[in-house]
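Undergrad: Starting off with a structure, shown below.
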Amino acid sequence: MALLDDAAIAGFLASHPGWEMDGGELMKTFVSNDFGTAIAFVNQVAELSEGANHHPDIAISWNRVTLRLSTHSEGGLTGRDIALAGQIDELRAG
């Protein structure tokens, strides 16, 4: 899969508030009301990730969940990363 160019990444970031570039990865921190809600969100992300066969790095700190996405096999960001990030945003919107 082809790496995304800077314009494609910028377009995604402009249309998906909260996501940012950090060390070559897409990153976003989601804040929940409590630990249980944060874990439920992580489980939803896990289901999406398994379905896409594309898995983010996940860090959990009580009510905060930080996700990092990149396509390690390609050495950067691909369409798989922005597609999964968009699906994750839909989880929170729905």
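In the structure tokens, the first chain shown is A, the next is B, and so on; residue numbers restart at 1 for each chain, and ligands run from 1 in the order shown.
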Considering only C-alpha atoms, return as a count of residues only whatever protein or nucleic-acid residues lie within 8 Å of His54 (chain A), sequence-local ones (same chain, fewer than 3 positions apart) excluded.
TA: 6
Undergrad: Write down as an MDAnalysis selection string the residues of chain A whose backbone DSSP state falls under alpha helix (DSSP H).
TA: chainID A and resid 6:15 35:52 79:93
Undergrad: Which residues come within 10 Å of Trp62 (chain A), counting only C-alpha atoms, excluding same-chain residues fewer than 3 positions away, as a PDB file with C-alpha atoms, in the first residue's frame?
TA:
```
ATOM      1  CA  VAL A  31     -11.156  11.221  27.408  1.00  0.00           C
ATOM      2  CA  SER A  32     -13.999   9.297  29.042  1.00  0.00           C
ATOM      3  CA  ASN A  33     -15.928   9.840  32.257  1.00  0.00           C
ATOM      4  CA  ASP A  34     -14.317   6.926  34.058  1.00  0.00           C
ATOM      5  CA  PHE A  35     -12.121   3.850  33.704  1.00  0.00           C
ATOM      6  CA  GLY A  36     -14.968   1.494  32.762  1.00  0.00           C
ATOM      7  CA  THR A  37     -16.089   3.724  29.909  1.00  0.00           C
ATOM      8  CA  ALA A  38     -12.505   4.049  28.695  1.00  0.00           C
ATOM      9  CA  ILE A  39     -12.091   0.260  28.657  1.00  0.00           C
ATOM     10  CA  ALA A  59      -2.148   3.484  25.990  1.00  0.00           C
ATOM     11  CA  VAL A  65      -7.053   6.408  25.929  1.00  0.00           C
TER      12      VAL A  65
END
```
Undergrad: Which residues come within 9 Å of Thr71 (chain A), counting only C-alpha atoms, excluding same-chain residues fewer than 4 positions away, as an mmCIF file with all heavy atoms, in the first residue's frame?
TA:
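Saved to around-v7.cif:
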```
data_model
loop_
_atom_site.group_PDB
_atom_site.id
_atom_site.type_symbol
_atom_site.label_atom_id
_atom_site.label_comp_id
_atom_site.auth_asym_id
_atom_site.auth_seq_id
_atom_site.Cartn_x
_atom_site.Cartn_y
_atom_site.Cartn_z
ATOM 1 N N LEU A 3 2.331 4.961 0.653
ATOM 2 C CA LEU A 3 2.359 5.945 1.733
ATOM 3 C C LEU A 3 1.583 7.180 1.318
ATOM 4 O O LEU A 3 1.563 7.553 0.138
ATOM 5 C CB LEU A 3 3.801 6.330 2.066
ATOM 6 C CG LEU A 3 4.656 5.245 2.711
ATOM 7 C CD1 LEU A 3 6.081 5.754 2.897
ATOM 8 C CD2 LEU A 3 4.075 4.798 4.044
ATOM 9 N N GLU A 25 3.445 9.283 13.304
ATOM 10 C CA GLU A 25 2.225 8.520 13.568
ATOM 11 C C GLU A 25 1.050 9.472 13.753
ATOM 12 O O GLU A 25 1.217 10.595 14.207
ATOM 13 C CB GLU A 25 2.368 7.702 14.853
ATOM 14 C CG GLU A 25 3.473 6.689 14.834
ATOM 15 C CD GLU A 25 3.640 6.003 16.178
ATOM 16 O OE1 GLU A 25 3.580 6.681 17.225
ATOM 17 O OE2 GLU A 25 3.837 4.789 16.171
ATOM 18 N N HIS A 54 -5.795 -4.299 11.222
ATOM 19 C CA HIS A 54 -4.883 -3.159 11.345
ATOM 20 C C HIS A 54 -5.024 -2.641 12.769
ATOM 21 O O HIS A 54 -6.124 -2.280 13.186
ATOM 22 C CB HIS A 54 -5.253 -2.079 10.329
ATOM 23 C CG HIS A 54 -4.224 -1.014 10.187
ATOM 24 N ND1 HIS A 54 -2.935 -1.282 9.776
ATOM 25 C CD2 HIS A 54 -4.285 0.321 10.388
ATOM 26 C CE1 HIS A 54 -2.253 -0.147 9.734
ATOM 27 N NE2 HIS A 54 -3.051 0.844 10.106
ATOM 28 N N HIS A 55 -3.943 -2.634 13.523
ATOM 29 C CA HIS A 55 -4.035 -2.451 14.960
ATOM 30 C C HIS A 55 -3.252 -1.236 15.452
ATOM 31 O O HIS A 55 -2.056 -1.134 15.186
ATOM 32 C CB HIS A 55 -3.529 -3.721 15.663
ATOM 33 C CG HIS A 55 -4.241 -4.936 15.183
ATOM 34 N ND1 HIS A 55 -3.778 -5.690 14.125
ATOM 35 C CD2 HIS A 55 -5.394 -5.509 15.579
ATOM 36 C CE1 HIS A 55 -4.618 -6.689 13.902
ATOM 37 N NE2 HIS A 55 -5.605 -6.599 14.777
ATOM 38 N N GLY A 75 6.340 1.691 6.729
ATOM 39 C CA GLY A 75 7.211 2.748 7.228
ATOM 40 C C GLY A 75 6.583 4.125 7.284
ATOM 41 O O GLY A 75 7.273 5.136 7.191
ATOM 42 N N GLY A 76 5.261 4.191 7.455
ATOM 43 C CA GLY A 76 4.593 5.487 7.540
ATOM 44 C C GLY A 76 3.095 5.341 7.501
ATOM 45 O O GLY A 76 2.549 4.281 7.796
ATOM 46 N N LEU A 77 2.422 6.411 7.113
ATOM 47 C CA LEU A 77 0.963 6.424 7.072
ATOM 48 C C LEU A 77 0.440 6.015 5.708
ATOM 49 O O LEU A 77 0.958 6.448 4.681
ATOM 50 C CB LEU A 77 0.436 7.819 7.408
ATOM 51 C CG LEU A 77 0.752 8.338 8.809
ATOM 52 C CD1 LEU A 77 0.175 9.735 8.981
ATOM 53 C CD2 LEU A 77 0.245 7.405 9.877
ATOM 54 N N THR A 78 -0.595 5.181 5.752
ATOM 55 C CA THR A 78 -1.264 4.747 4.527
ATOM 56 C C THR A 78 -2.762 4.996 4.679
ATOM 57 O O THR A 78 -3.234 5.421 5.738
ATOM 58 C CB THR A 78 -1.031 3.243 4.256
ATOM 59 O OG1 THR A 78 -1.690 2.481 5.283
ATOM 60 C CG2 THR A 78 0.452 2.910 4.202
ATOM 61 N N ARG A 80 -4.924 2.875 5.167
ATOM 62 C CA ARG A 80 -5.454 2.033 6.247
ATOM 63 C C ARG A 80 -5.501 2.807 7.563
ATOM 64 O O ARG A 80 -6.410 2.626 8.364
ATOM 65 C CB ARG A 80 -4.614 0.774 6.410
ATOM 66 C CG ARG A 80 -4.667 -0.119 5.174
ATOM 67 C CD ARG A 80 -3.844 -1.351 5.353
ATOM 68 N NE ARG A 80 -4.648 -2.285 6.145
ATOM 69 C CZ ARG A 80 -4.171 -3.382 6.705
ATOM 70 N NH1 ARG A 80 -2.894 -3.680 6.601
ATOM 71 N NH2 ARG A 80 -4.957 -4.176 7.393
ATOM 72 N N ASP A 81 -4.514 3.657 7.776
ATOM 73 C CA ASP A 81 -4.460 4.424 9.031
ATOM 74 C C ASP A 81 -5.580 5.449 9.103
ATOM 75 O O ASP A 81 -6.279 5.539 10.118
ATOM 76 C CB ASP A 81 -3.097 5.109 9.173
ATOM 77 C CG ASP A 81 -1.979 4.096 9.187
ATOM 78 O OD1 ASP A 81 -1.996 3.211 10.056
ATOM 79 O OD2 ASP A 81 -1.106 4.169 8.301
#
```
Undergrad: Pick from A:Leu67, A:Ala40, A:Ala2, A:Leu48: nearest to Met21 (chain A), with only C-alpha atoms counted?
TA: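 Of A:Leu67, A:Ala40, A:Ala2, A:Leu48, the one nearest Met21 (chain A), counting only C-alpha atoms, is A:Leu67.
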Undergrad: Taking 4 positions as the minimum chain separation for residues in the same chain, which residues sit within 12 Å of Glu90 (chain A) when counting only C-alpha atoms? Answer as a PyMOL selection string.
TA: chain A and resi 16+41+44-45+48+83-86+94
Undergrad: Ranking A:Met1, A:Ser73, A:Ser15, A:Val42 by minimum distance to Ile60 (chain A) and counting only C-alpha atoms, which one comes first?
TA: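 Nearest candidate to Ile60 (chain A) out of A:Met1, A:Ser73, A:Ser15, A:Val42: A:Val42.
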Undergrad: Could you jot down the CA of Pro56 (chain A) to CA of Ser70 (chain A) separation for me, Å, one decimal place?
TA: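 Spanning CA of Pro56 (chain A) to CA of Ser70 (chain A) is a straight-line distance of 7.4 Å.
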Undergrad: Could you check how far CA of Gln87 (chain A) sits from CA of Leu4 (chain A), in Å to one decimal?
TA: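 Between these atoms lies a distance of 17.9 Å.
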Undergrad: Write down as number ranges by chain the residues of region 13-82 of chain A whose backbone DSSP state falls under strand (DSSP E or B).
TA: A: 20-22, 25-31, 57-61, 64-69, 71, 76, 78
Undergrad: For Arg68 (chain A), work out the shell of residues within 9 Å, counting only C-alpha atoms and skipping chain neighbours fewer than 3 positions away, then give it as an NGL selection string.
TA: :A and (22 or 25-29 or 56-59)
Undergrad: Go ahead and save the residues from that selection, with N, CA, C and O atoms, as a short mmCIF file (atom, residue, chain, number, x, y, z; two decimals), in the first residue's frame.
TA:
```cif
data_model
loop_
_atom_site.label_atom_id
_atom_site.label_comp_id
_atom_site.auth_asym_id
_atom_site.auth_seq_id
_atom_site.Cartn_x
_atom_site.Cartn_y
_atom_site.Cartn_z
N ASP A 22 2.54 12.84 15.32
CA ASP A 22 3.52 12.78 16.40
C ASP A 22 4.52 11.69 16.03
O ASP A 22 4.17 10.51 16.02
N GLU A 25 3.44 9.28 13.30
CA GLU A 25 2.23 8.52 13.57
C GLU A 25 1.05 9.47 13.75
O GLU A 25 1.22 10.59 14.21
N LEU A 26 -0.15 8.97 13.42
CA LEU A 26 -1.35 9.68 13.80
C LEU A 26 -1.60 9.39 15.27
O LEU A 26 -1.49 8.23 15.71
N MET A 27 -1.95 10.40 16.04
CA MET A 27 -2.18 10.22 17.46
C MET A 27 -3.38 11.03 17.90
O MET A 27 -3.60 12.16 17.45
N LYS A 28 -4.17 10.44 18.79
CA LYS A 28 -5.29 11.15 19.40
C LYS A 28 -5.55 10.57 20.78
O LYS A 28 -5.49 9.36 20.97
N THR A 29 -5.86 11.46 21.73
CA THR A 29 -6.24 11.04 23.07
C THR A 29 -7.73 11.28 23.26
O THR A 29 -8.23 12.38 22.98
N PRO A 56 -3.92 -0.35 16.20
CA PRO A 56 -3.23 0.81 16.75
C PRO A 56 -2.44 0.43 17.99
O PRO A 56 -2.70 -0.60 18.63
N ASP A 57 -1.49 1.27 18.35
CA ASP A 57 -0.87 1.19 19.66
C ASP A 57 -1.83 1.91 20.60
O ASP A 57 -2.35 2.99 20.28
N ILE A 58 -2.09 1.30 21.76
CA ILE A 58 -3.08 1.82 22.69
C ILE A 58 -2.43 2.01 24.05
O ILE A 58 -1.81 1.09 24.58
N ALA A 59 -2.60 3.21 24.63
CA ALA A 59 -2.15 3.48 25.99
C ALA A 59 -3.37 3.92 26.80
O ALA A 59 -4.14 4.79 26.36
#
```
